[in-house]
Amino acid sequence: MRTLAKPTIRAPSTKFSWASADWLKAQQHVRRLQMRIAKAEREGRHGKAKALQWVLTHSFYGKIIAIKRVTENRGSKTPGVDGVTWKTNKQKEDAVKTLKRRGYKAAPLRRVYIPKSNKKLRPLGIPRMICRAQQALYLLGLEPIVEQRADKNAYGFRPKRSAADAIAQCFIALANKDRAQWILEGDIKSCFDKIDHSWLLANTPMDKAMLQKWLKAGYMERKTFHLTHEGTPQGGIISPCLSVLTLSGLEQAAKQAVSEPRDKVNVVAYADDFIITGASKEVLENQVKPAVIAFLKERGLELSQEKTKLTHIEEGFDFLGFNVRKYKGKLLIKPSKKSIKRFLGSIRETIHPKLSIKSEEMVRTLNPKIVGWANYFRHVVAKATFGHVDTGVFNKLMWWIKRRHPNKSAGWRRKRYFRREGLRNWVFYGVSISRGGKLKLRDLKKASAIPIKRHVKIRANANPYDPAYTDYFAARKAKRTFRIASDVEAGES
């Protein structure tokens with residue numbers, strides 16, 4: 001009788017030191033177990049997959065990888081209801097010893113609210129550090145199975161996939177003349193907050209007792225405890241993976257609602273936003289939409305009436321910040337007007353309050369925003385938009401300069417804040433001091449300087465936990481690394 005390979009459950013015999021941990025060995029150990037879990041799921045050996053999950057969630061290397069993740073992400077400095085964060089190596093070493101299933105109790109989340117793009121507030125739950133680490137640990141065992149079950153054209157909250165892949169799939173589904181002409185724009189109402197607990201407990205392939213503890217943990221708001229009867233712990237590390245699992249099967253449900261290939265039904269999903277293409281308005285309205293509603297209802301979800309609508313491709317639609325539309329039969333994908341307005345609004349909110357800072361600090365603040373926004377849209381028809389954005393940033397900087405120096409002449413302002421570089425006469429810059437004590441000029445980046453480069457979409461069947469795609473993902477990573485290095489070199493030159 002075959003037995004599982006003996007796991008590394010306990011810490012090494014020598015005293016563990018966080019500073020000298022062998023992270024490569026830990027990553028390889030965890031990765032090997034994840035690949036075995038995915039293989040067992042592909043072969044339909046669910047019992048073996050469950051056993052391997054137990055091995056991973058009780059392994060020493062799994063625990064230190066989980067703790068490393070929650071102490072190095074962006075929210076690592078934000079405490080939960082107990083006010084505790086793990087900052088020192090000693091705290092992290094102690095956390096490894098306390099990361100056990102037996103005796104663990106999930107604490108209520110600390111409820112905060114963050115602004116949404118529509119100026120409404122989104123509720124966010126902040127777990128304790130120990131709860132985050134437990135979720136990160138069990139996520140290691142859950143994600144390989146969810147990746148195996150996820151829809152081929154679902155791109156949100158999944159490793160190796162991005163919004164760029166979703167937009168590229170939109171182009172594939174809509175670009176040619178013989179493609180679908182109608183689009184069902186779907187948006188799920190309060191997706192994270194409404195998922196049915198009983199469905200999750202019945203369909204999530206992980207330790208049910210641990211999952212139930214997180215789902216029923218409740219939250220604290222203004223020193224008052226509130227029970228949670230539905231939804232996933234939004235703000236929890238495992239919640240995105242649970243949402244992917246919940247929506248797995250949406251693509252199949254939409255395609256099974258029609259009987260003919262000529263109905264041209266395609267699904268492109270990113271988190272709780274999705275579009276479904278169809279050959280006619282009637283196909284989407286009378287066949288596909290009812291099937292989607294039934295699929296979501298089983299999981300306790302429903303479509304948002306105000307955001308779900310049917311659109312013709314010549315009218316165009318917005319998806320993930322992009323506008324997808326055909327102009328005289330030619331499909332063009334551009335940054336949406338809402339995205340441009342939102343970005344310039346954020347630039348204004350950044351510049352207006354900072355009347356007293358130096359120009360070098362202003363450049364350092366704005367450059368990541370400009371480059372990050374441009375990189376997000378660099379793979380679509382965005383060159384003219386980038387020029388428009390540069391003009392908007394320039395106008396807001398001119399306002400900033402005039403407010404700082406209302407009594408100075410235009411010539412003085414130009415000489416003080418702008419310099420010439422090649423054919424450019426209005427380069428906003430700042431002066432910083434390098435480590436060697438030398439003066440260094442720091443120029444404001446221009447969105448129009450970011451080159452337009454088409455994105456190569458990930459293969460629909462590609463799975464990072466399938467050894468058949470190891471070389472494929474290695475090649476994609478090498479190309480991405482080369483592109484980033486080239487961009488950095490071009491930016492410095």
# chains A, B, ... in the order shown; residues from 1 in each chain; ligands from 1

call {"tool": "closest_atom_pairs", "arguments": {"of": "region 280-385 of chain A", "to": "region 441-465 of chain A", "cutoff": "7 Å", "atoms": "only C-alpha atoms", "output": "tab-separated table"}}
result
residue	atom	partner	partner_atom	distance
A:Glu360	CA	A:Arg442	CA	6.7
A:Val363	CA	A:Leu444	CA	5.3
A:Asn367	CA	A:Lys445	CA	5.6
A:Ile370	CA	A:Ala447	CA	6.1
A:Val371	CA	A:Ala447	CA	6.4
A:Ala374	CA	A:Ala447	CA	5.6
A:Arg378	CA	A:Ile452	CA	4.9
A:His379	CA	A:Arg454	CA	4.4
A:Val380	CA	A:Arg454	CA	6.8
A:Lys383	CA	A:Ser448	CA	6.4

call {"tool": "select_by_dssp", "arguments": {"residues": "region 313-353 of chain A", "states": "helix (DSSP H, G or I)", "output": "compact mmCIF listing (two decimals) with N, CA and C atoms, in the first residue's frame"}}
result
# COMPACT_ATOMS: atom_id res chain seq x y z
N LYS A 337 -13.50 57.08 -20.35
CA LYS A 337 -13.56 58.46 -19.89
C LYS A 337 -13.59 58.54 -18.37
N LYS A 338 -14.28 57.58 -17.75
CA LYS A 338 -14.33 57.55 -16.28
C LYS A 338 -12.94 57.33 -15.69
N SER A 339 -12.15 56.46 -16.31
CA SER A 339 -10.80 56.20 -15.82
C SER A 339 -9.92 57.44 -15.92
N ILE A 340 -10.03 58.14 -17.05
CA ILE A 340 -9.24 59.36 -17.24
C ILE A 340 -9.64 60.41 -16.22
N LYS A 341 -10.94 60.60 -16.05
CA LYS A 341 -11.44 61.60 -15.11
C LYS A 341 -11.02 61.25 -13.68
N ARG A 342 -11.10 59.97 -13.33
CA ARG A 342 -10.73 59.54 -11.98
C ARG A 342 -9.24 59.75 -11.73
N PHE A 343 -8.42 59.46 -12.75
CA PHE A 343 -6.98 59.62 -12.58
C PHE A 343 -6.60 61.09 -12.43
N LEU A 344 -7.13 61.94 -13.29
CA LEU A 344 -6.82 63.37 -13.19
C LEU A 344 -7.35 63.94 -11.88
N GLY A 345 -8.47 63.40 -11.39
CA GLY A 345 -8.98 63.82 -10.09
C GLY A 345 -8.03 63.45 -8.97
N SER A 346 -7.43 62.24 -9.07
CA SER A 346 -6.47 61.84 -8.03
C SER A 346 -5.21 62.69 -8.08
N ILE A 347 -4.81 63.11 -9.30
CA ILE A 347 -3.65 64.00 -9.44
C ILE A 347 -3.95 65.35 -8.79
N ARG A 348 -5.15 65.85 -9.04
CA ARG A 348 -5.55 67.11 -8.43
C ARG A 348 -5.57 67.01 -6.90
N GLU A 349 -6.11 65.93 -6.37
CA GLU A 349 -6.15 65.75 -4.92
C GLU A 349 -4.75 65.58 -4.33
N THR A 350 -3.81 65.11 -5.14
CA THR A 350 -2.43 64.98 -4.67
C THR A 350 -1.73 66.33 -4.67
N ILE A 351 -1.97 67.14 -5.69
CA ILE A 351 -1.24 68.40 -5.85
C ILE A 351 -1.80 69.52 -4.98

call {"tool": "atom_distance", "arguments": {"atom1": "CA of Lys264 (chain A)", "atom2": "CA of Val288 (chain A)"}}
result
11.3 Å

call {"tool": "closest_residue", "arguments": {"among": "A:Ile333, A:Val268, A:Ala279, A:Leu174", "to": "Gly321 (chain A)", "atoms": "only C-alpha atoms"}}
result
A:Ile333

call {"tool": "residues_around", "arguments": {"residues": "His46 (chain A)", "least_positions_apart": "6", "cutoff": "9 Å", "atoms": "only C-alpha atoms", "output": "PyMOL selection string"}}
result
chain A and resi 37+40+205

call {"tool": "write_last_selection", "arguments": {"atoms": "N, CA and C atoms", "output": "mmCIF file, in the first residue's frame"}}
result
data_model
loop_
_atom_site.group_PDB
_atom_site.id
_atom_site.type_symbol
_atom_site.label_atom_id
_atom_site.label_comp_id
_atom_site.auth_asym_id
_atom_site.auth_seq_id
_atom_site.Cartn_x
_atom_site.Cartn_y
_atom_site.Cartn_z
ATOM 1 N N ILE A 37 -1.205 18.276 -4.934
ATOM 2 C CA ILE A 37 -2.639 18.504 -4.665
ATOM 3 C C ILE A 37 -3.385 18.728 -5.968
ATOM 4 N N ALA A 40 -3.748 15.452 -7.902
ATOM 5 C CA ALA A 40 -4.796 14.604 -7.330
ATOM 6 C C ALA A 40 -6.179 15.110 -7.719
ATOM 7 N N PRO A 205 -13.509 22.776 -0.946
ATOM 8 C CA PRO A 205 -12.678 21.609 -0.619
ATOM 9 C C PRO A 205 -11.544 21.957 0.343
#

call {"tool": "closest_residue", "arguments": {"among": "A:Ala21, A:Ile183, A:Ala136, A:Ala163", "to": "Pro240 (chain A)", "atoms": "only C-alpha atoms"}}
result
A:Ala136

call {"tool": "closest_residue", "arguments": {"among": "A:Asn286, A:Ser76, A:Gln34, A:Ser162", "to": "Leu320 (chain A)", "atoms": "only C-alpha atoms"}}
result
A:Ser162

call {"tool": "atom_distance", "arguments": {"atom1": "CA of Ala217 (chain A)", "atom2": "CA of Gln134 (chain A)"}}
result
13.5 Å

call {"tool": "residues_around", "arguments": {"residues": "Ala410 (chain A)", "least_positions_apart": "6", "cutoff": "10 Å", "atoms": "only C-alpha atoms", "output": "JSON, numbers by chain"}}
result
{"A": [401, 402, 416]}

call {"tool": "write_last_selection", "arguments": {"atoms": "C-alpha atoms", "output": "short mmCIF file (atom, residue, chain, number, x, y, z; two decimals), in the first residue's frame"}}
result
data_model
loop_
_atom_site.label_atom_id
_atom_site.label_comp_id
_atom_site.auth_asym_id
_atom_site.auth_seq_id
_atom_site.Cartn_x
_atom_site.Cartn_y
_atom_site.Cartn_z
CA ILE A 401 3.26 76.96 -9.17
CA LYS A 402 1.06 80.06 -9.48
CA ARG A 416 12.52 78.07 -11.57
#

call {"tool": "closest_residue", "arguments": {"among": "A:Asp318, A:Asp390, A:Asp196, A:Asp151", "to": "Lys297 (chain A)", "atoms": "only C-alpha atoms"}}
result
A:Asp196
